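Visitor: Dumping the structure here so I can ask a few things about it.
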Amino acid sequence: MTISPAGTEVRAAIDAVVAGPGSPTGAASHATYLHDRHMFALWNWADGAPGAAPPVGDVETLALAVPTPDLSGFAVLDVPCALVEPDRLAHACLDSPGQSVDAWLTLSTADESPLPIVGHAIPDVTGVAVTSAGHAVAVFRHTCAVATELRTVLTAELRPYQVRGVSWLRETVDAHGGAVLADEMGLGKTLQAIGFLVGRADEGPQIVVCPTSLIGNWAHEIARFAPALRTSIWRGGPMETPDAGAVVLTGYPTLRVHGGRMTEHDWVTAVFDEAQALKNPRTRVSKAARAVVADAKIALTGTPVENRLEELWALLDLVAPQLFGNRTQFRRRFTRPITSGSLDAATRLHKAIEPVVLMRKKSQVAGTLPPKIHTDLVCDLTEEQQHLYDRLLEKAIDDGFGTGAQRQARILATVTALKQVCNHPILVTEDSGDLPGRSGKFDLCTDIVATNIDTDSPTLVFTQYRQTGELLVRHFDEQFHVGVPFFHGGVDQEERAEIVRHFQADDGPTVMVLSLRAGGTGLTLTRAADVVHFDRWWNPAVEAQASDRVHRIGQTRTVTVTTLTTRTTVEEHIAAMHSRKSALSDIADMSGVAELARLDDDRLVETLRRKRAR
């Protein structure tokens, strides 16, 4: 890695690392600014190589640009680092502070001290360049100024990476007119967006579009953290002209139906929360979002890519259409080569989106969060379930799966029926018999909940089917004599907010059942530390979002996520699909039903049929 254009400059930069002030042995501690999280990585250099991290903060191994072993240049190496916040840098006890430490302490207040390379040695995605000194200093100073401002306008103490999120939004909007904040779930995207909104309140009205279930949450969070902002909820119809300081909250269904009225107003900011709802650019709601006239458009999402890479293009086209060309160009430059396995194309994509997409993981910026423990439990079918499963599949085979659109619809109906059998036979037979003893999965879930009730461990149970949720609520009430709320799409906004408030209270219910879609995004339910996924959804990103309702900032315990899979059934096929999906690698996968529809009848039946020989 060549950092400076002249060899003498490289030599001087290496000398600054090797020889620490007051250190005749060449040992020194250095401070590298992590601009994405507004923290410093402190690391030691001794005997010609990075040493153990200074004992001054949480330790993390980071890729940094440091001198090569032969001292001929710089290379990217994994370096043990102690992480400290900017206001703690001056108080860090270091035996031999190097020039980078002194430079950063001076640069906090003045311009005189030059910044050595190791002070800004964060490699980019290509691994052949680092952040420039000028950019690192500018980001540091701007973020410090934003932190000072936010202390006066927000009733919340933001973490350094959240302050950086707000300052990054400001910088990116100034440069490109829009941004995608794609932090992992639980890192406080809503709070960062509120910090951005409050800074633009005097410029004019602003609007937030989100899933209907989250409107109340946005109103609550704004009132809590930015009381100077005035919120109103718009559900369609005539809209009075909002003035400066106003934040209008509305849902995606309202945008889809009444989006034309939103274009009658010029907005200072338009925020689209859970923006994966706009991933299909051809839908009416996506077109309505692009038609909104705003000085700045912000997309918030923890899953910028759920299934296909072109979903990311839809968000980029929403916030910064001038940067990425049309869909065909994007497909040619990135989608096709990446889905064919091109690492170069993936690197080009990361570099191309870096100016307008900020994507940070919990492991990067919230090391104080407790870990998640994933437990996959396999359940057996009862004899009743086995007979019912086989009978339904044989009937589907006899009726035929058809072709074209009819084929996909019939497969979906068959899979749904088979999954309901896995949940409980009563969902198909609709009899009025007893619930216990008829479903292996149902009984196993009951055992988990019973244990958690005994240990006073609040638990969330997610299901994708409303009928299953109603059955679970009824059973838990009969079995344990406890009131169990059910959070689903049919519950109105006020009742949803009350369910969440009641559950989060110290004396709240021990168990809560949630619809995977209605309760899987936007909620904070950190009183629970146990999550059960009663049935399996095709896309693991959806299940991960639901699990992150409890694995969020504010959680103080280890989170246990349990998934229940019925052995020898279609659910094992879904579990196998999960093992093939991860982060950006799910870009080439289709929906599960579409994948099944591509199989010929023999392979389809083999996938759906119970595997008896086990």
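The chains in the structure tokens are called A, B, ... from first to last as shown; in each chain the residues are counted from 1, and the ligands are counted from 1 in the order shown.
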Taking a cut-off of 12 Å and counting only C-alpha atoms, can you build a table that, for each residue of stretch 263-357 of chain A near stretch 516-523 of chain A, reports the nearest atom pair and how far apart they are in Å (one decimal), sorted by chain then residue number, as a Markdown table?
Guide:
```
| residue | atom | partner | partner_atom | distance |
| --- | --- | --- | --- | --- |
| A:Asp273 | CA | A:Gly522 | CA | 8.8 |
| A:Glu274 | CA | A:Thr521 | CA | 7.5 |
| A:Ala275 | CA | A:Thr521 | CA | 11.1 |
| A:Gln276 | CA | A:Thr521 | CA | 10.9 |
| A:Ala277 | CA | A:Thr521 | CA | 11.4 |
| A:Leu300 | CA | A:Gly522 | CA | 10.8 |
| A:Thr301 | CA | A:Thr521 | CA | 9.8 |
| A:Gly302 | CA | A:Thr521 | CA | 9.3 |
| A:Thr303 | CA | A:Thr521 | CA | 10.7 |
```
Visitor: Within stretch 287-421 of chain A, find each residue whose DSSP state, derived from the backbone, is strand (DSSP E), and express the selection as number ranges by chain.
Guide: A: 294-300, 357-358, 372-379
Visitor: Keeping C-alpha atoms, export the residues of the selection given above as a short mmCIF file (atom, residue, chain, number, x, y, z; two decimals), in the first residue's frame.
Guide:
```cif
data_model
loop_
_atom_site.label_atom_id
_atom_site.label_comp_id
_atom_site.auth_asym_id
_atom_site.auth_seq_id
_atom_site.Cartn_x
_atom_site.Cartn_y
_atom_site.Cartn_z
CA ALA A 294 -38.25 17.25 -0.82
CA ASP A 295 -34.91 19.01 -0.40
CA ALA A 296 -33.63 15.86 1.29
CA LYS A 297 -34.81 12.27 1.10
CA ILE A 298 -33.65 9.84 3.78
CA ALA A 299 -34.24 6.07 3.63
CA LEU A 300 -33.96 4.10 6.86
CA VAL A 357 -25.05 4.51 2.23
CA LEU A 358 -23.96 4.11 5.85
CA LYS A 372 -27.42 -13.48 21.08
CA ILE A 373 -27.61 -17.23 21.50
CA HIS A 374 -29.29 -19.00 18.60
CA THR A 375 -30.96 -22.33 19.30
CA ASP A 376 -32.57 -24.37 16.52
CA LEU A 377 -34.97 -27.00 17.89
CA VAL A 378 -36.33 -29.78 15.71
CA CYS A 379 -39.83 -31.04 16.50
#
```
Visitor: Can you check which parts of stretch 198-282 of chain A lie within 9 Å of stretch 153-160 of chain A? Per residue, the shortest pair of atoms and distance in Å to one decimal, counting only C-alpha atoms, sorted by chain and number, as a tab-separated table.
Guide:
```
residue	atom	partner	partner_atom	distance
A:Val198	CA	A:Val153	CA	7.3
A:Gly199	CA	A:Val153	CA	8.3
A:Arg224	CA	A:Thr155	CA	7.1
A:Phe225	CA	A:Thr155	CA	4.8
A:Ala226	CA	A:Leu154	CA	5.2
A:Pro227	CA	A:Leu154	CA	8.1
A:Ala228	CA	A:Val153	CA	7.9
```
Visitor: Do you have the atom CA of A:Thr61-atom CA of A:Ala82 distance handy?
Guide: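 Atom CA of A:Ala82 lies at a distance of 8.6 Å from atom CA of A:Thr61.
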Visitor: Which residue gives the smallest distance to A:Leu608 among A:Asp390, A:Arg438, A:Gly57, A:Ser515, with only C-alpha atoms counted?
Guide: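 Among A:Asp390, A:Arg438, A:Gly57, A:Ser515, it is A:Asp390 that comes nearest to A:Leu608.
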Visitor: Which is closer to A:Ile222 than all the others in A:Thr106, A:Gln364, A:Gln206, A:Thr190, using only C-alpha atoms?
Guide: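 Among the listed residues, A:Thr190 lies closest to A:Ile222.
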Visitor: Near stretch 250-253 of chain A, counting only C-alpha atoms, which residues have an atom at most 7 Å away, once you skip same-chain residues fewer than 6 positions from it, shown as a PyMOL selection string?
Guide: chain A and resi 208-212+215+233-235+285
